[in-house]
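A.B. asks: Coordinates in work05.txt, compact mmCIF, C-alpha atoms, are listed below.
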# COMPACT_ATOMS: atom_id res chain seq x y z
CA LEU A 1 -9.83 -49.04 -58.16
CA ALA A 2 -10.09 -50.94 -54.90
CA LYS A 3 -11.91 -48.67 -52.45
CA THR A 4 -11.01 -48.47 -48.79
CA THR A 5 -12.94 -47.09 -45.85
CA GLN A 6 -11.31 -46.21 -42.56
CA PRO A 7 -12.34 -44.02 -39.62
CA ILE A 8 -11.59 -40.34 -39.94
CA SER A 9 -10.10 -40.07 -36.46
CA MET A 10 -9.32 -42.01 -33.30
CA ASP A 11 -8.22 -40.89 -29.85
CA SER A 12 -6.13 -42.90 -27.45
CA TYR A 13 -3.90 -42.58 -24.39
CA GLU A 14 -0.28 -43.40 -23.91
CA GLY A 15 0.37 -47.05 -23.24
CA GLN A 16 -2.83 -48.27 -24.86
CA GLU A 17 -3.16 -50.43 -27.93
CA VAL A 18 -4.68 -48.74 -30.96
CA ASN A 19 -6.49 -50.75 -33.59
CA ILE A 20 -7.47 -49.15 -36.89
CA THR A 21 -9.74 -51.16 -39.13
CA CYS A 22 -9.88 -50.61 -42.85
CA SER A 23 -12.68 -52.02 -44.99
CA HIS A 24 -11.92 -53.10 -48.52
CA ASN A 25 -14.87 -55.15 -49.75
CA ASN A 26 -13.74 -55.17 -53.37
CA ILE A 27 -10.22 -56.42 -52.76
CA ALA A 28 -8.94 -58.55 -55.62
CA THR A 29 -7.16 -61.86 -55.39
CA ASN A 30 -3.70 -60.46 -56.00
CA ASP A 31 -4.03 -57.27 -53.95
CA TYR A 32 -1.68 -56.48 -51.11
CA ILE A 33 -2.74 -54.36 -48.12
CA THR A 34 -0.30 -51.64 -47.16
CA TRP A 35 -0.31 -49.12 -44.32
CA TYR A 36 1.56 -45.83 -44.16
CA GLN A 37 2.07 -43.32 -41.35
CA GLN A 38 2.42 -39.58 -41.91
CA PHE A 39 3.56 -36.95 -39.43
CA PRO A 40 2.84 -33.27 -40.12
CA SER A 41 5.09 -31.80 -42.80
CA GLN A 42 6.74 -35.13 -43.48
CA GLY A 43 6.33 -37.69 -46.22
CA PRO A 44 4.35 -40.83 -45.47
CA ARG A 45 6.35 -43.70 -44.07
CA PHE A 46 5.74 -47.34 -44.92
CA ILE A 47 4.66 -49.24 -41.79
CA ILE A 48 3.59 -52.71 -42.80
CA GLN A 49 2.24 -54.77 -45.65
CA GLY A 50 0.38 -58.04 -45.79
CA TYR A 51 -1.59 -60.38 -47.97
CA LYS A 52 -3.35 -62.69 -45.52
CA THR A 53 -3.45 -63.80 -41.87
CA LYS A 54 -1.11 -61.87 -39.60
CA VAL A 55 2.05 -59.92 -40.20
CA THR A 56 4.14 -58.42 -37.43
CA ASN A 57 7.18 -56.20 -37.45
CA GLU A 58 8.97 -54.07 -34.89
CA VAL A 59 6.41 -51.27 -35.27
CA ALA A 60 2.98 -52.83 -35.74
CA SER A 61 0.88 -55.86 -36.50
CA LEU A 62 -1.52 -56.33 -39.36
CA PHE A 63 -4.44 -58.70 -39.00
CA ILE A 64 -6.22 -59.88 -42.14
CA PRO A 65 -9.21 -62.23 -41.85
CA ALA A 66 -9.71 -65.10 -44.25
CA ASP A 67 -12.14 -63.20 -46.49
CA ARG A 68 -9.65 -60.29 -46.75
CA LYS A 69 -12.49 -57.78 -46.90
CA SER A 70 -10.98 -55.82 -44.03
CA SER A 71 -7.72 -55.45 -42.22
CA THR A 72 -6.72 -54.10 -38.82
CA LEU A 73 -3.56 -52.23 -38.06
CA SER A 74 -2.56 -52.69 -34.43
CA LEU A 75 -0.18 -50.29 -32.72
CA PRO A 76 0.90 -51.71 -29.36
CA ARG A 77 1.44 -49.43 -26.37
CA VAL A 78 1.25 -46.13 -28.23
CA SER A 79 3.17 -43.07 -27.17
CA LEU A 80 2.67 -39.38 -27.91
CA SER A 81 5.00 -39.75 -30.88
CA ASP A 82 2.53 -42.12 -32.56
CA THR A 83 0.16 -39.21 -33.13
CA ALA A 84 -0.09 -39.15 -36.92
CA VAL A 85 -2.29 -39.86 -39.91
CA TYR A 86 -2.48 -43.52 -40.92
CA TYR A 87 -3.36 -44.53 -44.47
CA CYS A 88 -4.65 -47.90 -45.62
CA LEU A 89 -3.99 -48.74 -49.27
CA VAL A 90 -5.19 -51.79 -51.12
CA GLY A 91 -3.37 -52.76 -54.25
CA ASP A 92 -4.52 -52.98 -57.73
CA THR A 93 -2.83 -51.55 -60.77
CA ASP A 94 -3.59 -48.01 -59.71
CA TYR A 95 -3.62 -48.24 -55.92
CA LYS A 96 -0.49 -46.23 -55.35
CA LEU A 97 -2.19 -43.29 -56.95
CA SER A 98 -4.78 -42.64 -54.26
CA PHE A 99 -4.09 -42.26 -50.56
CA GLY A 100 -7.50 -41.17 -49.34
CA ALA A 101 -8.07 -39.12 -46.19
CA GLY A 102 -6.52 -41.57 -43.75
CA THR A 103 -7.19 -41.91 -40.02
CA THR A 104 -5.89 -39.21 -37.71
CA VAL A 105 -4.75 -40.87 -34.50
CA THR A 106 -4.29 -38.59 -31.52
CA VAL A 107 -2.48 -39.98 -28.50
CA ARG A 108 -2.94 -38.10 -25.25
CA ALA A 109 -0.89 -38.23 -22.08
CA ASP B 1 15.72 -41.97 -43.35
CA SER B 2 13.84 -43.24 -46.40
CA GLY B 3 16.78 -42.78 -48.76
CA VAL B 4 14.77 -40.43 -50.98
CA THR B 5 16.25 -36.95 -51.23
CA GLN B 6 14.27 -33.90 -52.25
CA THR B 7 15.69 -30.45 -52.86
CA PRO B 8 15.15 -27.72 -52.03
CA LYS B 9 13.38 -28.17 -48.69
CA HIS B 10 11.71 -24.78 -48.95
CA LEU B 11 10.99 -22.53 -51.88
CA ILE B 12 9.37 -19.11 -51.84
CA THR B 13 8.55 -17.48 -55.14
CA ALA B 14 6.15 -15.06 -56.74
CA THR B 15 3.13 -15.66 -58.90
CA GLY B 16 3.93 -16.19 -62.55
CA GLN B 17 7.35 -17.63 -61.85
CA ARG B 18 8.73 -21.05 -62.72
CA VAL B 19 10.43 -23.47 -60.32
CA THR B 20 12.06 -26.88 -60.51
CA LEU B 21 11.85 -29.45 -57.75
CA ARG B 22 14.37 -32.26 -57.67
CA CYS B 23 14.14 -35.81 -56.40
CA SER B 24 16.80 -38.48 -56.02
CA PRO B 25 15.16 -41.87 -55.49
CA ARG B 26 16.33 -44.53 -53.09
CA SER B 27 19.31 -46.44 -54.43
CA GLY B 28 18.10 -49.18 -56.75
CA ASP B 29 14.55 -47.89 -57.09
CA LEU B 30 13.39 -47.46 -60.66
CA SER B 31 9.97 -45.91 -60.09
CA VAL B 32 9.39 -42.30 -59.07
CA TYR B 33 6.06 -40.78 -58.07
CA TRP B 34 5.17 -37.12 -57.46
CA TYR B 35 2.42 -36.04 -55.08
CA GLN B 36 1.00 -32.69 -54.03
CA GLN B 37 -0.36 -32.07 -50.55
CA SER B 38 -2.08 -28.78 -49.86
CA LEU B 39 -2.95 -27.53 -46.38
CA ASP B 40 -5.36 -29.99 -44.77
CA GLN B 41 -5.66 -31.92 -48.02
CA GLY B 42 -4.80 -35.46 -48.81
CA LEU B 43 -2.01 -36.60 -51.03
CA GLN B 44 -2.88 -35.92 -54.64
CA PHE B 45 -1.06 -38.05 -57.17
CA LEU B 46 0.53 -36.08 -59.98
CA ILE B 47 2.67 -38.35 -62.13
CA GLN B 48 4.74 -41.53 -62.13
CA TYR B 49 7.88 -42.53 -64.02
CA TYR B 50 9.48 -45.92 -64.31
CA ASN B 51 13.03 -46.23 -65.61
CA GLY B 52 12.75 -42.99 -67.52
CA GLU B 53 9.31 -43.53 -69.00
CA GLU B 54 6.10 -41.83 -67.97
CA ARG B 55 3.75 -44.51 -66.64
CA ALA B 56 0.78 -42.77 -65.09
CA LYS B 57 -0.68 -39.30 -64.87
CA GLY B 58 -3.00 -37.97 -62.23
CA ASN B 59 -4.61 -34.56 -62.00
CA ILE B 60 -1.46 -32.80 -63.05
CA LEU B 61 -1.98 -29.32 -64.43
CA GLU B 62 -0.75 -28.48 -67.91
CA ARG B 63 1.50 -25.87 -66.29
CA PHE B 64 3.31 -28.70 -64.53
CA SER B 65 5.66 -31.18 -66.15
CA ALA B 66 8.15 -33.76 -65.02
CA GLN B 67 10.83 -36.05 -66.28
CA GLN B 68 13.07 -38.85 -65.06
CA PHE B 69 16.66 -38.78 -66.20
CA PRO B 70 18.98 -41.69 -67.12
CA ASP B 71 20.50 -41.60 -63.64
CA LEU B 72 16.91 -42.04 -62.35
CA HIS B 73 16.63 -38.72 -60.58
CA SER B 74 13.49 -36.80 -61.38
CA GLU B 75 12.50 -33.17 -61.69
CA LEU B 76 9.07 -31.59 -61.37
CA ASN B 77 8.71 -28.29 -63.19
CA LEU B 78 5.99 -25.88 -62.12
CA SER B 79 5.40 -22.81 -64.30
CA SER B 80 3.15 -19.76 -64.33
CA LEU B 81 2.76 -20.28 -60.63
CA GLU B 82 -0.44 -19.28 -58.87
CA LEU B 83 -1.19 -18.75 -55.19
CA GLY B 84 -3.09 -22.03 -55.16
CA ASP B 85 0.04 -23.96 -56.10
CA SER B 86 1.41 -23.38 -52.62
CA ALA B 87 1.73 -26.85 -51.14
CA LEU B 88 4.05 -29.61 -50.04
CA TYR B 89 5.35 -31.58 -52.99
CA PHE B 90 6.47 -35.12 -52.23
CA CYS B 91 8.48 -37.50 -54.26
CA ALA B 92 8.34 -41.23 -53.61
CA SER B 93 10.24 -44.11 -55.10
CA SER B 94 9.76 -47.83 -55.30
CA LEU B 95 11.75 -50.71 -56.68
CA LEU B 96 9.16 -52.01 -59.10
CA ASP B 97 6.63 -50.53 -61.45
CA ARG B 98 3.17 -50.09 -59.95
CA GLY B 99 1.61 -52.82 -62.05
CA HIS B 100 4.13 -55.48 -61.13
CA PRO B 101 2.65 -58.62 -59.54
CA LEU B 102 5.15 -58.40 -56.71
CA ASP B 103 4.31 -55.35 -54.71
CA SER B 104 6.98 -52.92 -53.61
CA PRO B 105 6.11 -50.20 -51.09
CA LEU B 106 6.61 -46.52 -51.67
CA HIS B 107 9.41 -44.65 -49.92
CA PHE B 108 8.79 -40.94 -49.55
CA GLY B 109 11.10 -38.00 -49.27
CA ASN B 110 10.40 -35.21 -46.81
CA GLY B 111 9.04 -32.95 -49.46
CA THR B 112 9.58 -29.47 -50.84
CA ARG B 113 7.40 -26.78 -49.29
CA LEU B 114 6.49 -24.33 -52.02
CA THR B 115 5.09 -20.94 -51.07
CA VAL B 116 3.81 -18.71 -53.85
CA THR B 117 3.31 -15.09 -52.85
Can the structure from this file be put into structure tokens for me?
C.D. replies:
Amino acid sequence: LAKTTQPISMDSYEGQEVNITCSHNNIATNDYITWYQQFPSQGPRFIIQGYKTKVTNEVASLFIPADRKSSTLSLPRVSLSDTAVYYCLVGDTDYKLSFGAGTTVTVRA
Amino acid sequence: DSGVTQTPKHLITATGQRVTLRCSPRSGDLSVYWYQQSLDQGLQFLIQYYNGEERAKGNILERFSAQQFPDLHSELNLSSLELGDSALYFCASSLLDRGHPLDSPLHFGNGTRLTVT
């Protein structure tokens, strides 16, 4: 099972960019990197997925260096509503079975 | 809206009772996953079905069982309920099976909050 390590918590202020780095040293050749966001009492929501280099959508960007041993989720200009838990998952056959503790991002006014 | 529907939203029952949680996956998705999330706990994987077949089992108690029906909806049955079973139960669906080379993300419902008193 590909293991991921991400910070337990991060604090930020409205309007700032938040970058959450996830380490996955044992990532396999075919593994995807997927990030989810979870608000209290709601199911996790898919944010972004990537394999290499950079992926951007309307919500976030995902930066993956050439060695793919880490990835960084970038949330531009966060608002209070971005306060949530963010999970990094790295794919192998069983990756969808373990979400880990995630990173609690708290955005303050 | 993820397209995954879970019913009921809330359920309050007594210890020893049996309940059934229902999940309708996103249209076209063949895979259904069940997760349990207790207060301040992470998401614990329970079980996965793909096109009606059980594909993976996590730390699911013997008192719990699930199935996926021909129309692809799924039910999670919890019996002999204990206080510790109080939690949020999430269902997620995805297009492909988890071992498929082409990855397909999970889409979660908003959960059923079970309170056992």
A.B. asks: Could you pull the residues within 12 Å of Arg55 in chain B, counting all atoms listed in the file, minus those fewer than 2 positions along the same chain, as a VMD selection string?
C.D. replies: (chain A and resid 93 to 94 97) or (chain B and resid 30 to 34 46 to 53 57 to 58 66 to 68 96 to 99)
A.B. asks: Here is a test: counting all atoms listed in the file, which residue of B:Ser27, B:Thr5, B:Thr15, B:Ser65 is nearest to chain A?
C.D. replies: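 Of B:Ser27, B:Thr5, B:Thr15, B:Ser65, the one nearest chain A is B:Thr5, counting all atoms listed in the file.
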A.B. asks: Kindly determine which residues of chain A lie within 12 Å of chain B, considering all atoms listed in the file, and give the answer as a ChimeraX atom specification.
C.D. replies: /A:29-51,85-87,89-104
A.B. asks: Find the residues around Ala109 in chain A up to 8 Å (only C-alpha atoms counted), leave out those fewer than 2 positions away in its own chain, and share them as a list in words.
C.D. replies: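 My reading of the contact set: Tyr13, Glu14, Leu80 and Val107 of chain A.
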A.B. asks: Which residues are close to Thr106 in chain A, i.e. within 8 Å by only C-alpha atoms, leaving aside same-chain residues fewer than 2 positions away? Reply as a list in words.
C.D. replies: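 Contacts, in chain order: Ser9, Met10, Asp11, Ser12, Leu80, Asp82, Thr83, Ala84, Thr104 and Arg108 of chain A.
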A.B. asks: Between CA of Phe64 in chain B and CA of Ser79 in chain B, measure the distance and give it in Å to one decimal.
C.D. replies: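 Separating CA of Phe64 in chain B from CA of Ser79 in chain B is a distance of 6.3 Å.
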A.B. asks: At what distance in Å, to one decimal, does CA of Gln6 in chain B lie from CA of Ile60 in chain B?
C.D. replies: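 Taking CA of Ile60 in chain B as the start and CA of Gln6 in chain B as the end point, the length is 19.1 Å.
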A.B. asks: Place a sphere of radius 9 Å on (4.5, -48.7, -34.7) in the file coordinates and name every protein, DNA or RNA residue with an atom inside or on its surface, counting all atoms listed in the file; give the answer as a list in words.
C.D. replies: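 In the file's frame, the residues around the point are Gln37, Ile47, Asn57, Glu58, Val59, Ala60, Ser61, Ser74, Leu75, Pro76, Arg77, Val78 and Asp82 of chain A.
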A.B. asks: Just the selected residues (C-alpha atoms), exported as an mmCIF file, in the coordinates of the input, please.
C.D. replies:
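New file part.cif:
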data_model
loop_
_atom_site.group_PDB
_atom_site.id
_atom_site.type_symbol
_atom_site.label_atom_id
_atom_site.label_comp_id
_atom_site.auth_asym_id
_atom_site.auth_seq_id
_atom_site.Cartn_x
_atom_site.Cartn_y
_atom_site.Cartn_z
ATOM 1 C CA GLN A 37 2.070 -43.320 -41.350
ATOM 2 C CA ILE A 47 4.660 -49.240 -41.790
ATOM 3 C CA ASN A 57 7.180 -56.200 -37.450
ATOM 4 C CA GLU A 58 8.970 -54.070 -34.890
ATOM 5 C CA VAL A 59 6.410 -51.270 -35.270
ATOM 6 C CA ALA A 60 2.980 -52.830 -35.740
ATOM 7 C CA SER A 61 0.880 -55.860 -36.500
ATOM 8 C CA SER A 74 -2.560 -52.690 -34.430
ATOM 9 C CA LEU A 75 -0.180 -50.290 -32.720
ATOM 10 C CA PRO A 76 0.900 -51.710 -29.360
ATOM 11 C CA ARG A 77 1.440 -49.430 -26.370
ATOM 12 C CA VAL A 78 1.250 -46.130 -28.230
ATOM 13 C CA ASP A 82 2.530 -42.120 -32.560
#
A.B. asks: Grab the CA of Val55 in chain A to CA of Leu73 in chain A distance for me, in Å with one decimal place.
C.D. replies: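 CA of Leu73 in chain A lies 9.8 Å from CA of Val55 in chain A.
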A.B. asks: Using all atoms listed in the file and a cutoff of 6 Å, can you tell me which residues are near (13.9, -31.7, -59.2) in the file's coordinates, and write them out as a list in words?
C.D. replies: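 Protein and nucleic acid residues near the point are Thr20, Leu21, Arg22, Cys23, Ser74, Glu75 and Leu76 of chain B.
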A.B. asks: How would the residues just chosen look if you wrote them out with C-alpha atoms as a PDB file, in the frame of the given file?
C.D. replies:
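As a result, again-v2.pdb now contains:
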ATOM      1  CA  THR B  20      12.060 -26.880 -60.510  1.00  0.00           C
ATOM      2  CA  LEU B  21      11.850 -29.450 -57.750  1.00  0.00           C
ATOM      3  CA  ARG B  22      14.370 -32.260 -57.670  1.00  0.00           C
ATOM      4  CA  CYS B  23      14.140 -35.810 -56.400  1.00  0.00           C
ATOM      5  CA  SER B  74      13.490 -36.800 -61.380  1.00  0.00           C
ATOM      6  CA  GLU B  75      12.500 -33.170 -61.690  1.00  0.00           C
ATOM      7  CA  LEU B  76       9.070 -31.590 -61.370  1.00  0.00           C
TER       8      LEU B  76
END
A.B. asks: Since the input lacks atoms, please generate N, CA, C and O atoms for range 40-66 of chain B and provide them as an mmCIF file, in the frame of the given file.
C.D. replies:
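This is the output file part_23.cif:
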data_model
loop_
_atom_site.group_PDB
_atom_site.id
_atom_site.type_symbol
_atom_site.label_atom_id
_atom_site.label_comp_id
_atom_site.auth_asym_id
_atom_site.auth_seq_id
_atom_site.Cartn_x
_atom_site.Cartn_y
_atom_site.Cartn_z
ATOM 1 N N ASP B 40 -4.195 -29.211 -45.170
ATOM 2 C CA ASP B 40 -5.360 -29.990 -44.770
ATOM 3 C C ASP B 40 -5.956 -30.836 -45.900
ATOM 4 O O ASP B 40 -7.106 -31.238 -45.822
ATOM 5 N N GLN B 41 -5.188 -31.079 -46.925
ATOM 6 C CA GLN B 41 -5.660 -31.920 -48.020
ATOM 7 C C GLN B 41 -4.891 -33.229 -48.032
ATOM 8 O O GLN B 41 -3.804 -33.350 -47.508
ATOM 9 N N GLY B 42 -5.465 -34.181 -48.655
ATOM 10 C CA GLY B 42 -4.800 -35.460 -48.810
ATOM 11 C C GLY B 42 -3.726 -35.390 -49.868
ATOM 12 O O GLY B 42 -3.512 -34.369 -50.511
ATOM 13 N N LEU B 43 -3.064 -36.497 -50.027
ATOM 14 C CA LEU B 43 -2.010 -36.600 -51.030
ATOM 15 C C LEU B 43 -2.637 -36.783 -52.407
ATOM 16 O O LEU B 43 -3.344 -37.758 -52.644
ATOM 17 N N GLN B 44 -2.361 -35.843 -53.291
ATOM 18 C CA GLN B 44 -2.880 -35.920 -54.640
ATOM 19 C C GLN B 44 -1.781 -36.397 -55.574
ATOM 20 O O GLN B 44 -0.726 -35.771 -55.678
ATOM 21 N N PHE B 45 -2.039 -37.480 -56.247
ATOM 22 C CA PHE B 45 -1.060 -38.050 -57.170
ATOM 23 C C PHE B 45 -0.921 -37.160 -58.401
ATOM 24 O O PHE B 45 -1.928 -36.734 -58.976
ATOM 25 N N LEU B 46 0.289 -36.901 -58.800
ATOM 26 C CA LEU B 46 0.530 -36.080 -59.980
ATOM 27 C C LEU B 46 0.992 -36.917 -61.172
ATOM 28 O O LEU B 46 0.367 -36.900 -62.232
ATOM 29 N N ILE B 47 2.092 -37.643 -60.989
ATOM 30 C CA ILE B 47 2.670 -38.350 -62.130
ATOM 31 C C ILE B 47 3.640 -39.411 -61.641
ATOM 32 O O ILE B 47 4.197 -39.301 -60.549
ATOM 33 N N GLN B 48 3.800 -40.463 -62.450
ATOM 34 C CA GLN B 48 4.740 -41.530 -62.130
ATOM 35 C C GLN B 48 5.638 -41.822 -63.316
ATOM 36 O O GLN B 48 5.183 -41.825 -64.464
ATOM 37 N N TYR B 49 6.914 -42.089 -63.020
ATOM 38 C CA TYR B 49 7.880 -42.530 -64.020
ATOM 39 C C TYR B 49 8.476 -43.856 -63.586
ATOM 40 O O TYR B 49 8.642 -44.127 -62.390
ATOM 41 N N TYR B 50 8.770 -44.673 -64.568
ATOM 42 C CA TYR B 50 9.480 -45.920 -64.310
ATOM 43 C C TYR B 50 10.617 -46.034 -65.307
ATOM 44 O O TYR B 50 10.387 -46.056 -66.520
ATOM 45 N N ASN B 51 11.827 -46.067 -64.788
ATOM 46 C CA ASN B 51 13.030 -46.230 -65.610
ATOM 47 C C ASN B 51 13.043 -45.249 -66.788
ATOM 48 O O ASN B 51 13.370 -45.628 -67.916
ATOM 49 N N GLY B 52 12.657 -44.038 -66.505
ATOM 50 C CA GLY B 52 12.750 -42.990 -67.520
ATOM 51 C C GLY B 52 11.481 -42.766 -68.329
ATOM 52 O O GLY B 52 11.385 -41.772 -69.059
ATOM 53 N N GLU B 53 10.527 -43.664 -68.190
ATOM 54 C CA GLU B 53 9.310 -43.530 -69.000
ATOM 55 C C GLU B 53 8.127 -43.101 -68.131
ATOM 56 O O GLU B 53 7.948 -43.605 -67.027
ATOM 57 N N GLU B 54 7.318 -42.212 -68.665
ATOM 58 C CA GLU B 54 6.100 -41.830 -67.970
ATOM 59 C C GLU B 54 5.140 -43.015 -67.958
ATOM 60 O O GLU B 54 4.879 -43.628 -68.991
ATOM 61 N N ARG B 55 4.597 -43.328 -66.772
ATOM 62 C CA ARG B 55 3.750 -44.510 -66.640
ATOM 63 C C ARG B 55 2.312 -44.178 -66.253
ATOM 64 O O ARG B 55 1.404 -44.925 -66.560
ATOM 65 N N ALA B 56 2.135 -43.118 -65.507
ATOM 66 C CA ALA B 56 0.780 -42.770 -65.090
ATOM 67 C C ALA B 56 0.708 -41.282 -64.819
ATOM 68 O O ALA B 56 1.686 -40.670 -64.383
ATOM 69 N N LYS B 57 -0.464 -40.720 -65.122
ATOM 70 C CA LYS B 57 -0.680 -39.300 -64.870
ATOM 71 C C LYS B 57 -1.929 -39.141 -64.031
ATOM 72 O O LYS B 57 -2.953 -39.760 -64.309
ATOM 73 N N GLY B 58 -1.835 -38.290 -63.038
ATOM 74 C CA GLY B 58 -3.000 -37.970 -62.230
ATOM 75 C C GLY B 58 -3.550 -36.627 -62.653
ATOM 76 O O GLY B 58 -3.509 -36.249 -63.813
ATOM 77 N N ASN B 59 -4.045 -35.871 -61.697
ATOM 78 C CA ASN B 59 -4.610 -34.560 -62.000
ATOM 79 C C ASN B 59 -3.526 -33.503 -62.085
ATOM 80 O O ASN B 59 -3.588 -32.475 -61.417
ATOM 81 N N ILE B 60 -2.567 -33.745 -62.918
ATOM 82 C CA ILE B 60 -1.460 -32.800 -63.050
ATOM 83 C C ILE B 60 -1.841 -31.709 -64.024
ATOM 84 O O ILE B 60 -2.352 -31.967 -65.111
ATOM 85 N N LEU B 61 -1.622 -30.463 -63.602
ATOM 86 C CA LEU B 61 -1.980 -29.320 -64.430
ATOM 87 C C LEU B 61 -1.066 -29.252 -65.644
ATOM 88 O O LEU B 61 0.072 -29.715 -65.617
ATOM 89 N N GLU B 62 -1.570 -28.628 -66.699
ATOM 90 C CA GLU B 62 -0.750 -28.480 -67.910
ATOM 91 C C GLU B 62 0.455 -27.593 -67.654
ATOM 92 O O GLU B 62 1.477 -27.705 -68.352
ATOM 93 N N ARG B 63 0.374 -26.743 -66.634
ATOM 94 C CA ARG B 63 1.500 -25.870 -66.290
ATOM 95 C C ARG B 63 2.619 -26.646 -65.587
ATOM 96 O O ARG B 63 3.711 -26.131 -65.378
ATOM 97 N N PHE B 64 2.327 -27.876 -65.218
ATOM 98 C CA PHE B 64 3.310 -28.700 -64.530
ATOM 99 C C PHE B 64 3.833 -29.771 -65.483
ATOM 100 O O PHE B 64 3.080 -30.318 -66.296
ATOM 101 N N SER B 65 5.100 -30.092 -65.352
ATOM 102 C CA SER B 65 5.660 -31.180 -66.150
ATOM 103 C C SER B 65 6.761 -31.846 -65.340
ATOM 104 O O SER B 65 7.251 -31.291 -64.351
ATOM 105 N N ALA B 66 7.114 -33.032 -65.740
ATOM 106 C CA ALA B 66 8.150 -33.760 -65.020
ATOM 107 C C ALA B 66 8.937 -34.617 -65.982
ATOM 108 O O ALA B 66 8.528 -34.829 -67.131
#
